[in-house]
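Q: Please see the structure below; I have some questions.
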Amino acid sequence: MEDKPTFLTRPYLPPLEDFLPYLAEIWESRLLTNGGPFHQQFEEKLRHYLGVGHVSLFASGTLALMTALQALRITGEVITTPYTFAATTHALLWNGIKPVFVDIRRDTCNLDEELVEAAITPRTTAILPVHCYGNPCASERLQQIADTYGLKLIYDAAHAFGVTVDGSSLLAQGDLAMLSFHATKVFNTFEGGAIVCHDLKLKQRIDYLKNFGFADEVTVVAPGINGKMNEFQAALGLLQLEHADRAIAARMAIDRRYRQALATVAGVECLAVATRVKRNGGYFPLLIGAEYPLSRDQLYDRLRQQQIHVRRYFFPLISDLPMYRGIPSAAPANLPVATSIARQILCLPIYPDLDLPTVDRIIDIVSSPQ
Ligand code: T4K
């Protein structure tokens, strides 16, 4: 048994000495937050890097999503996926909005767009899909439904940093998209997040809302929150941007190695790779089927015994959590695909510094279950 554990992920960090000049500048200027110079630079550079209309930076992805719902004045019911991290639906509850769960597609693990219309009621105001693992949702169809029924389309794009479809950012879709820069994400600022939108008036409202609603020193235009990204996070973000392409390339090399080696292992299935999509290697999800000699949880335990800390993202389903399970749409019978995937899913370690011998050791364990 190896002594040193291998975690699901390890945050990418640039060389410490490269960050010290940024810190020195913050110490010197005493500008720590509230839209300081690094915040302004990072927002602009990130907008260019992502190739999107407008970016508003936040202290976390969850605060960004909570603010996005306020910015678009979402109320009533929102159609969403049960197959996500708790933050997606918690943001709805914190806004007094009822989540309505719709099942997912097996090929992408994303909201099944063909089931959305049947879940719309007179109280529905928006659709909140998640680009799970950075896999693009069926955005064209979802937009068509949103337009037909006059609904807002808000993407939880926490996993989708840098993902493009036909060369265009996935974040450009819908009314807006929320990003997470949490330590475990492809791109991190320790904690952090952003909203991407296409309309300057909407960005303005988002920016007021993340700063208590202040439009100027004496004017408060809305009951806002404190969602601001501070200068430390923004400075780190600026530096991380210089490394983002290399970090994604390193992740994708591991993705290819896993995918190639595991393709022939009976009973394990890698999620299909969509064409026209530039992926980011954020996660490596694997489905453990009935033909595999071990159950998903047995494989999970076996890897853990070998100090490989795999994770079951996403198990349990959000709809099974105590605060959601009483909602009629949360019934497992309404969510057969999500229920089945949650029992089969296992995410393997993937991060830029993960060495290839360790990747091969993980492949060996998964490939030789006997
Ligand atoms: N929407 C979706 C779809 C999301 O996935 C998330 C977050 C959000 C919204 C909300 O965005 P934020 O508000 O977080 O910006 C983690 C993250 O905390 C969470 O950000 C993420 N999704 C979720 C999928 O994963 P945990 O509780 O499972 O993470 P934890 O602490 O167990 O860490 C996982 C692994 O990473 C560990 O094996 C160790 C390693 N790790 C972790 C941290 C925090 C490190 O090596 N260093 C670290 O600093 O939730």
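Order determines the names: the first chain of the structure tokens is A, the second B, and so forth; residues in each chain are numbered 1 upward, and ligands are numbered 1 upward as they are shown.
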Which of range 91-268 of chain A end up as strand (DSSP E) when DSSP is run on this backbone - answer as number ranges by chain?
A: A: 98-101, 124-128, 152-156, 164-165, 168-169, 176-180, 193-197, 268
Q: Which residues form the shell of 7 Å around ligand 1 when you count only C-alpha atoms and all ligand atoms, given as a PyMOL selection string?
A: chain A and resi 7-11+60-63+84-85+87-88+130+132+156-159+180-185+191-193+309+313
Q: What residues in range 188-231 of chain A get the DSSP label helix (DSSP H, G or I)? Please answer as a list in words.
A: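 For range 188-231 of chain A, the helix (DSSP H, G or I) set is Leu200, Lys201, Leu202, Lys203, Gln204, Arg205, Ile206, Asp207, Tyr208, Leu209 and Glu231 of chain A.
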Q: So that I can check the surroundings of Ala146 in chain A, please list as a list of chain:residue names every protein, DNA and RNA residue that reaches within 12 Å of it, counting only C-alpha atoms and ignoring chain neighbours fewer than 3 positions away.
A: A:Val78, A:Ile79, A:Glu113, A:Val116, A:Glu117, A:Ile120, A:Thr124, A:Thr125, A:Ala126, A:Ile127, A:Leu128, A:Pro129, A:Ser139, A:Glu140, A:Arg141, A:Leu142, A:Gln143, A:Tyr149, A:Gly150, A:Leu151, A:Lys152, A:Leu153, A:Ile154, A:Gly174, A:Asp175
Q: Using only C-alpha atoms, pick whichever of A:Leu299, A:Ala338, A:Leu294, A:Ala235 has the shortest atom-to-atom distance to Ala24 in chain A.
A: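 Under the stated criterion, the closest residue is A:Ala235.
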Q: If you count only C-alpha atoms, which residues fall within 8 Å of Met252 in chain A, apart from same-chain ones fewer than 6 positions away, as a PDB file with all heavy atoms, in the first residue's frame?
A:
```pdb
ATOM      1  N   ARG A 279     -12.924  20.566 -24.372  1.00  0.00           N
ATOM      2  CA  ARG A 279     -13.212  20.286 -22.970  1.00  0.00           C
ATOM      3  C   ARG A 279     -12.121  20.857 -22.065  1.00  0.00           C
ATOM      4  O   ARG A 279     -11.098  21.335 -22.553  1.00  0.00           O
ATOM      5  CB  ARG A 279     -13.357  18.769 -22.775  1.00  0.00           C
ATOM      6  CG  ARG A 279     -14.566  18.224 -23.536  1.00  0.00           C
ATOM      7  CD  ARG A 279     -14.753  16.749 -23.331  1.00  0.00           C
ATOM      8  NE  ARG A 279     -13.621  15.978 -23.800  1.00  0.00           N
ATOM      9  CZ  ARG A 279     -12.959  15.090 -23.058  1.00  0.00           C
ATOM     10  NH1 ARG A 279     -13.319  14.866 -21.817  1.00  0.00           N
ATOM     11  NH2 ARG A 279     -11.948  14.413 -23.566  1.00  0.00           N
ATOM     12  N   ASN A 280     -12.361  20.759 -20.727  1.00  0.00           N
ATOM     13  CA  ASN A 280     -11.367  21.329 -19.806  1.00  0.00           C
ATOM     14  C   ASN A 280     -10.759  20.306 -18.843  1.00  0.00           C
ATOM     15  O   ASN A 280      -9.928  20.669 -18.014  1.00  0.00           O
ATOM     16  CB  ASN A 280     -11.957  22.518 -19.031  1.00  0.00           C
ATOM     17  CG  ASN A 280     -13.092  22.111 -18.098  1.00  0.00           C
ATOM     18  OD1 ASN A 280     -13.318  20.924 -17.850  1.00  0.00           O
ATOM     19  ND2 ASN A 280     -13.817  23.084 -17.582  1.00  0.00           N
ATOM     20  N   GLY A 281     -11.189  19.038 -18.912  1.00  0.00           N
ATOM     21  CA  GLY A 281     -10.602  18.012 -18.044  1.00  0.00           C
ATOM     22  C   GLY A 281     -10.859  18.250 -16.561  1.00  0.00           C
ATOM     23  O   GLY A 281     -10.067  17.834 -15.714  1.00  0.00           O
TER      24      GLY A 281
END
```
Q: Please identify all polymer residues within 7 Å of Leu335 in chain A, counting only C-alpha atoms, omitting same-chain residues fewer than 3 positions from it, and present them as an mmCIF file with all heavy atoms, in the first residue's frame.
A:
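Written file, selection-v3.cif:
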```cif
data_model
loop_
_atom_site.group_PDB
_atom_site.id
_atom_site.type_symbol
_atom_site.label_atom_id
_atom_site.label_comp_id
_atom_site.auth_asym_id
_atom_site.auth_seq_id
_atom_site.Cartn_x
_atom_site.Cartn_y
_atom_site.Cartn_z
ATOM 1 N N VAL A 102 -36.275 17.778 -12.848
ATOM 2 C CA VAL A 102 -36.520 17.069 -14.108
ATOM 3 C C VAL A 102 -35.341 16.119 -14.291
ATOM 4 O O VAL A 102 -34.199 16.450 -13.928
ATOM 5 C CB VAL A 102 -36.659 18.095 -15.265
ATOM 6 C CG1 VAL A 102 -36.427 17.446 -16.615
ATOM 7 C CG2 VAL A 102 -38.028 18.758 -15.225
ATOM 8 N N ASP A 103 -35.609 14.957 -14.866
ATOM 9 C CA ASP A 103 -34.567 13.935 -14.992
ATOM 10 C C ASP A 103 -33.452 14.375 -15.960
ATOM 11 O O ASP A 103 -33.596 15.365 -16.689
ATOM 12 C CB ASP A 103 -35.191 12.613 -15.465
ATOM 13 C CG ASP A 103 -34.391 11.392 -14.987
ATOM 14 O OD1 ASP A 103 -33.369 11.571 -14.291
ATOM 15 O OD2 ASP A 103 -34.806 10.259 -15.319
ATOM 16 N N ALA A 331 -39.470 12.781 -6.303
ATOM 17 C CA ALA A 331 -39.690 11.334 -6.161
ATOM 18 C C ALA A 331 -38.765 10.560 -7.101
ATOM 19 O O ALA A 331 -38.666 10.894 -8.298
ATOM 20 C CB ALA A 331 -41.145 11.007 -6.481
ATOM 21 N N PRO A 332 -38.081 9.522 -6.609
ATOM 22 C CA PRO A 332 -37.171 8.752 -7.471
ATOM 23 C C PRO A 332 -37.858 8.238 -8.744
ATOM 24 O O PRO A 332 -37.222 8.151 -9.798
ATOM 25 C CB PRO A 332 -36.718 7.606 -6.572
ATOM 26 C CG PRO A 332 -36.856 8.139 -5.184
ATOM 27 C CD PRO A 332 -38.027 9.078 -5.207
ATOM 28 N N ALA A 338 -31.350 9.763 -13.355
ATOM 29 C CA ALA A 338 -30.483 10.366 -12.336
ATOM 30 C C ALA A 338 -30.268 9.386 -11.184
ATOM 31 O O ALA A 338 -29.148 9.250 -10.669
ATOM 32 C CB ALA A 338 -31.101 11.669 -11.823
ATOM 33 N N THR A 339 -31.329 8.686 -10.801
ATOM 34 C CA THR A 339 -31.225 7.734 -9.692
ATOM 35 C C THR A 339 -30.242 6.626 -10.039
ATOM 36 O O THR A 339 -29.400 6.235 -9.227
ATOM 37 C CB THR A 339 -32.628 7.152 -9.385
ATOM 38 O OG1 THR A 339 -33.491 8.252 -9.090
ATOM 39 C CG2 THR A 339 -32.605 6.189 -8.217
#
```
Q: Do you know which residues are at most 12 Å from Leu271 in chain A counting only C-alpha atoms, after dropping those on the same chain fewer than 2 positions away, and could you put them as a short mmCIF file (atom, residue, chain, number, x, y, z; two decimals) with N, CA, C and O atoms, in the first residue's frame?
A:
```cif
data_model
loop_
_atom_site.label_atom_id
_atom_site.label_comp_id
_atom_site.auth_asym_id
_atom_site.auth_seq_id
_atom_site.Cartn_x
_atom_site.Cartn_y
_atom_site.Cartn_z
N ARG A 105 -30.18 13.30 -18.86
CA ARG A 105 -29.83 12.39 -19.98
C ARG A 105 -28.67 11.51 -19.55
O ARG A 105 -27.75 11.97 -18.88
N ARG A 106 -28.69 10.28 -20.00
CA ARG A 106 -27.63 9.35 -19.61
C ARG A 106 -26.29 9.71 -20.27
O ARG A 106 -25.23 9.50 -19.69
N ASP A 107 -26.35 10.27 -21.50
CA ASP A 107 -25.08 10.49 -22.22
C ASP A 107 -24.29 11.68 -21.69
O ASP A 107 -23.06 11.67 -21.74
N THR A 108 -24.98 12.71 -21.17
CA THR A 108 -24.25 13.89 -20.72
C THR A 108 -24.37 14.13 -19.21
O THR A 108 -23.66 14.96 -18.66
N CYS A 109 -25.32 13.45 -18.58
CA CYS A 109 -25.66 13.70 -17.15
C CYS A 109 -26.27 15.09 -16.95
O CYS A 109 -26.32 15.59 -15.83
N ASN A 110 -26.72 15.72 -18.02
CA ASN A 110 -27.35 17.04 -17.94
C ASN A 110 -28.87 16.91 -18.02
O ASN A 110 -29.39 15.91 -18.53
N CYS A 132 -22.90 19.79 -16.46
CA CYS A 132 -22.26 18.88 -15.51
C CYS A 132 -20.91 18.37 -16.05
O CYS A 132 -20.83 17.91 -17.19
N TYR A 133 -19.88 18.43 -15.23
CA TYR A 133 -18.50 18.06 -15.60
C TYR A 133 -17.99 18.90 -16.78
O TYR A 133 -17.06 18.50 -17.47
N GLY A 134 -18.67 20.02 -17.06
CA GLY A 134 -18.29 20.83 -18.22
C GLY A 134 -18.87 20.31 -19.53
O GLY A 134 -18.56 20.84 -20.60
N ASN A 135 -19.75 19.30 -19.46
CA ASN A 135 -20.42 18.81 -20.69
C ASN A 135 -21.52 19.78 -21.08
O ASN A 135 -22.41 20.05 -20.28
N ASP A 255 -6.91 12.84 -18.98
CA ASP A 255 -8.22 12.40 -19.49
C ASP A 255 -8.03 11.41 -20.62
O ASP A 255 -8.64 10.34 -20.65
N TYR A 258 -6.63 7.96 -19.28
CA TYR A 258 -7.70 7.17 -18.65
C TYR A 258 -8.63 6.59 -19.72
O TYR A 258 -8.97 5.41 -19.71
N ARG A 259 -9.07 7.46 -20.60
CA ARG A 259 -10.08 7.10 -21.60
C ARG A 259 -9.59 5.95 -22.48
O ARG A 259 -10.31 4.99 -22.73
N LEU A 262 -9.14 2.65 -20.27
CA LEU A 262 -10.34 2.07 -19.67
C LEU A 262 -11.39 1.67 -20.70
O LEU A 262 -12.38 1.01 -20.36
N ALA A 263 -11.16 2.06 -21.97
CA ALA A 263 -12.16 1.81 -23.02
C ALA A 263 -12.48 0.33 -23.15
O ALA A 263 -13.60 -0.05 -23.48
N VAL A 268 -17.08 -0.91 -17.22
CA VAL A 268 -16.88 0.51 -16.91
C VAL A 268 -17.08 1.33 -18.18
O VAL A 268 -16.71 0.90 -19.27
N GLU A 269 -17.68 2.48 -17.99
CA GLU A 269 -18.01 3.30 -19.16
C GLU A 269 -17.58 4.74 -18.91
O GLU A 269 -17.96 5.35 -17.90
N VAL A 273 -17.59 11.63 -25.43
CA VAL A 273 -17.01 12.95 -25.70
C VAL A 273 -17.80 13.60 -26.82
O VAL A 273 -17.87 13.04 -27.91
N ALA A 274 -18.36 14.75 -26.55
CA ALA A 274 -19.14 15.44 -27.60
C ALA A 274 -18.19 16.00 -28.65
O ALA A 274 -17.10 16.46 -28.32
N TYR A 283 -13.18 17.00 -14.55
CA TYR A 283 -13.53 15.78 -13.82
C TYR A 283 -13.32 14.59 -14.74
O TYR A 283 -13.40 14.73 -15.96
N PHE A 284 -13.11 13.39 -14.13
CA PHE A 284 -13.11 12.20 -14.95
C PHE A 284 -14.14 11.21 -14.40
O PHE A 284 -13.83 10.33 -13.59
N PRO A 285 -15.40 11.37 -14.84
CA PRO A 285 -16.47 10.49 -14.35
C PRO A 285 -16.48 9.15 -15.07
O PRO A 285 -16.22 9.08 -16.27
N LEU A 286 -16.78 8.12 -14.28
CA LEU A 286 -16.81 6.75 -14.80
C LEU A 286 -18.11 6.12 -14.32
O LEU A 286 -18.48 6.31 -13.16
N LEU A 287 -18.78 5.37 -15.20
CA LEU A 287 -20.00 4.66 -14.77
C LEU A 287 -19.65 3.20 -14.56
O LEU A 287 -19.08 2.55 -15.44
N ILE A 288 -19.97 2.68 -13.39
CA ILE A 288 -19.67 1.28 -13.06
C ILE A 288 -20.95 0.48 -13.26
O ILE A 288 -21.92 0.63 -12.51
N ILE A 341 -27.80 6.73 -12.42
CA ILE A 341 -26.42 7.26 -12.59
C ILE A 341 -25.78 7.53 -11.22
O ILE A 341 -24.59 7.24 -11.02
N GLN A 344 -24.11 4.62 -9.97
CA GLN A 344 -23.00 4.06 -10.77
C GLN A 344 -21.77 4.95 -10.86
O GLN A 344 -20.71 4.52 -11.28
N ILE A 345 -21.94 6.22 -10.47
CA ILE A 345 -20.88 7.20 -10.79
C ILE A 345 -19.68 7.11 -9.85
O ILE A 345 -19.83 6.89 -8.65
N LEU A 346 -18.52 7.29 -10.43
CA LEU A 346 -17.29 7.39 -9.65
C LEU A 346 -16.37 8.36 -10.40
O LEU A 346 -16.13 8.16 -11.59
N CYS A 347 -15.89 9.38 -9.71
CA CYS A 347 -14.97 10.32 -10.36
C CYS A 347 -13.54 10.00 -9.94
O CYS A 347 -13.23 9.92 -8.75
#
```
Q: Measuring between only C-alpha atoms, which one of A:Thr67, A:Asn188, A:Thr33, A:Ser169 shows the shortest distance to Tyr49 in chain A?
A: A:Ser169
Q: Do a neighbour search on Asp364 in chain A at 12 Å with only C-alpha atoms, toss out local chain neighbours closer than 2 positions, and write the hits as a list in words.
A: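 Result of the neighbour search: Tyr258, Ala261, Leu262, Val265, Leu303, Gln306, Pro357, Thr358, Val359, Asp360, Arg361, Ile362, Val366, Ser367, Ser368, Pro369 and Gln370 of chain A.
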Q: From the set A:Pro99, A:Ala247, A:Ala253, A:His39, which residue has the shortest atom-to-atom contact distance to Ala86 in chain A, counting only C-alpha atoms?
A: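 Among the listed residues, A:Pro99 lies closest to Ala86 in chain A.
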Q: Can I get the residues of range 160-269 of chain A within 7 Å of range 52-59 of chain A, each with the closest pair of atoms and their distance in Å to one decimal, using only C-alpha atoms, sorted chain first then ascending number, as CSV?
A:
```
residue,atom,partner,partner_atom,distance
A:Ser169,CA,A:Val52,CA,6.9
A:Ala172,CA,A:Val52,CA,6.0
A:Glu191,CA,A:Ala59,CA,6.4
A:Gly192,CA,A:Ala59,CA,4.4
A:Gly193,CA,A:Phe58,CA,4.8
A:Ala194,CA,A:Leu57,CA,4.4
A:Ile195,CA,A:Ser56,CA,5.2
A:Val196,CA,A:Val55,CA,4.7
A:Cys197,CA,A:His54,CA,5.3
A:His198,CA,A:Gly53,CA,4.7
A:Lys203,CA,A:His54,CA,6.8
A:Asp207,CA,A:Ser56,CA,6.7
A:Gly227,CA,A:Phe58,CA,5.4
A:Lys228,CA,A:Phe58,CA,4.9
A:Met229,CA,A:Ala59,CA,4.2
```
Q: Just N, CA, C and O atoms for this one: save the residues we selected as an mmCIF file, in the first residue's frame.
A:
```
data_model
loop_
_atom_site.group_PDB
_atom_site.id
_atom_site.type_symbol
_atom_site.label_atom_id
_atom_site.label_comp_id
_atom_site.auth_asym_id
_atom_site.auth_seq_id
_atom_site.Cartn_x
_atom_site.Cartn_y
_atom_site.Cartn_z
ATOM 1 N N SER A 169 -17.474 30.395 -26.549
ATOM 2 C CA SER A 169 -17.572 30.027 -25.136
ATOM 3 C C SER A 169 -18.945 29.465 -24.807
ATOM 4 O O SER A 169 -19.975 30.029 -25.175
ATOM 5 N N ALA A 172 -21.456 31.777 -23.060
ATOM 6 C CA ALA A 172 -22.212 32.822 -23.758
ATOM 7 C C ALA A 172 -23.677 32.439 -23.924
ATOM 8 O O ALA A 172 -24.475 33.217 -24.426
ATOM 9 N N GLU A 191 -11.215 30.680 -3.207
ATOM 10 C CA GLU A 191 -12.665 30.722 -3.364
ATOM 11 C C GLU A 191 -12.921 31.801 -4.403
ATOM 12 O O GLU A 191 -12.132 32.729 -4.549
ATOM 13 N N GLY A 192 -14.026 31.714 -5.099
ATOM 14 C CA GLY A 192 -14.344 32.769 -6.054
ATOM 15 C C GLY A 192 -15.368 32.302 -7.059
ATOM 16 O O GLY A 192 -15.717 31.115 -7.095
ATOM 17 N N GLY A 193 -15.856 33.246 -7.817
ATOM 18 C CA GLY A 193 -16.835 32.894 -8.843
ATOM 19 C C GLY A 193 -17.114 34.109 -9.721
ATOM 20 O O GLY A 193 -16.499 35.177 -9.536
ATOM 21 N N ALA A 194 -18.018 33.924 -10.669
ATOM 22 C CA ALA A 194 -18.334 35.025 -11.580
ATOM 23 C C ALA A 194 -19.689 34.783 -12.217
ATOM 24 O O ALA A 194 -20.186 33.659 -12.249
ATOM 25 N N ILE A 195 -20.267 35.885 -12.693
ATOM 26 C CA ILE A 195 -21.428 35.788 -13.580
ATOM 27 C C ILE A 195 -20.996 36.333 -14.925
ATOM 28 O O ILE A 195 -20.375 37.398 -15.003
ATOM 29 N N VAL A 196 -21.340 35.583 -15.966
ATOM 30 C CA VAL A 196 -21.108 36.034 -17.336
ATOM 31 C C VAL A 196 -22.461 36.423 -17.909
ATOM 32 O O VAL A 196 -23.422 35.648 -17.815
ATOM 33 N N CYS A 197 -22.562 37.621 -18.476
ATOM 34 C CA CYS A 197 -23.822 38.007 -19.142
ATOM 35 C C CYS A 197 -23.498 38.806 -20.400
ATOM 36 O O CYS A 197 -22.338 39.093 -20.688
ATOM 37 N N HIS A 198 -24.530 39.146 -21.154
ATOM 38 C CA HIS A 198 -24.288 39.739 -22.480
ATOM 39 C C HIS A 198 -24.826 41.165 -22.583
ATOM 40 O O HIS A 198 -24.758 41.788 -23.620
ATOM 41 N N LYS A 203 -25.365 43.602 -16.294
ATOM 42 C CA LYS A 203 -24.112 43.603 -15.516
ATOM 43 C C LYS A 203 -24.150 44.695 -14.448
ATOM 44 O O LYS A 203 -23.746 44.475 -13.303
ATOM 45 N N ASP A 207 -23.738 44.138 -10.531
ATOM 46 C CA ASP A 207 -22.669 44.793 -9.764
ATOM 47 C C ASP A 207 -23.226 45.593 -8.582
ATOM 48 O O ASP A 207 -22.603 45.649 -7.524
ATOM 49 N N GLY A 227 -21.207 40.261 -2.050
ATOM 50 C CA GLY A 227 -20.721 39.138 -2.855
ATOM 51 C C GLY A 227 -19.380 39.432 -3.494
ATOM 52 O O GLY A 227 -18.939 38.701 -4.376
ATOM 53 N N LYS A 228 -18.709 40.502 -3.067
ATOM 54 C CA LYS A 228 -17.537 41.004 -3.795
ATOM 55 C C LYS A 228 -16.316 40.102 -3.693
ATOM 56 O O LYS A 228 -16.018 39.560 -2.638
ATOM 57 N N MET A 229 -15.588 40.019 -4.787
ATOM 58 C CA MET A 229 -14.282 39.349 -4.776
ATOM 59 C C MET A 229 -13.252 40.348 -4.254
ATOM 60 O O MET A 229 -13.246 41.507 -4.674
#
```
Q: Find the residue from A:Leu348, A:Ile327, A:Ile74, A:Val186 that sits nearest to Ala249 in chain A; use only C-alpha atoms when measuring.
A: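 Smallest distance to Ala249 in chain A is found for A:Val186.
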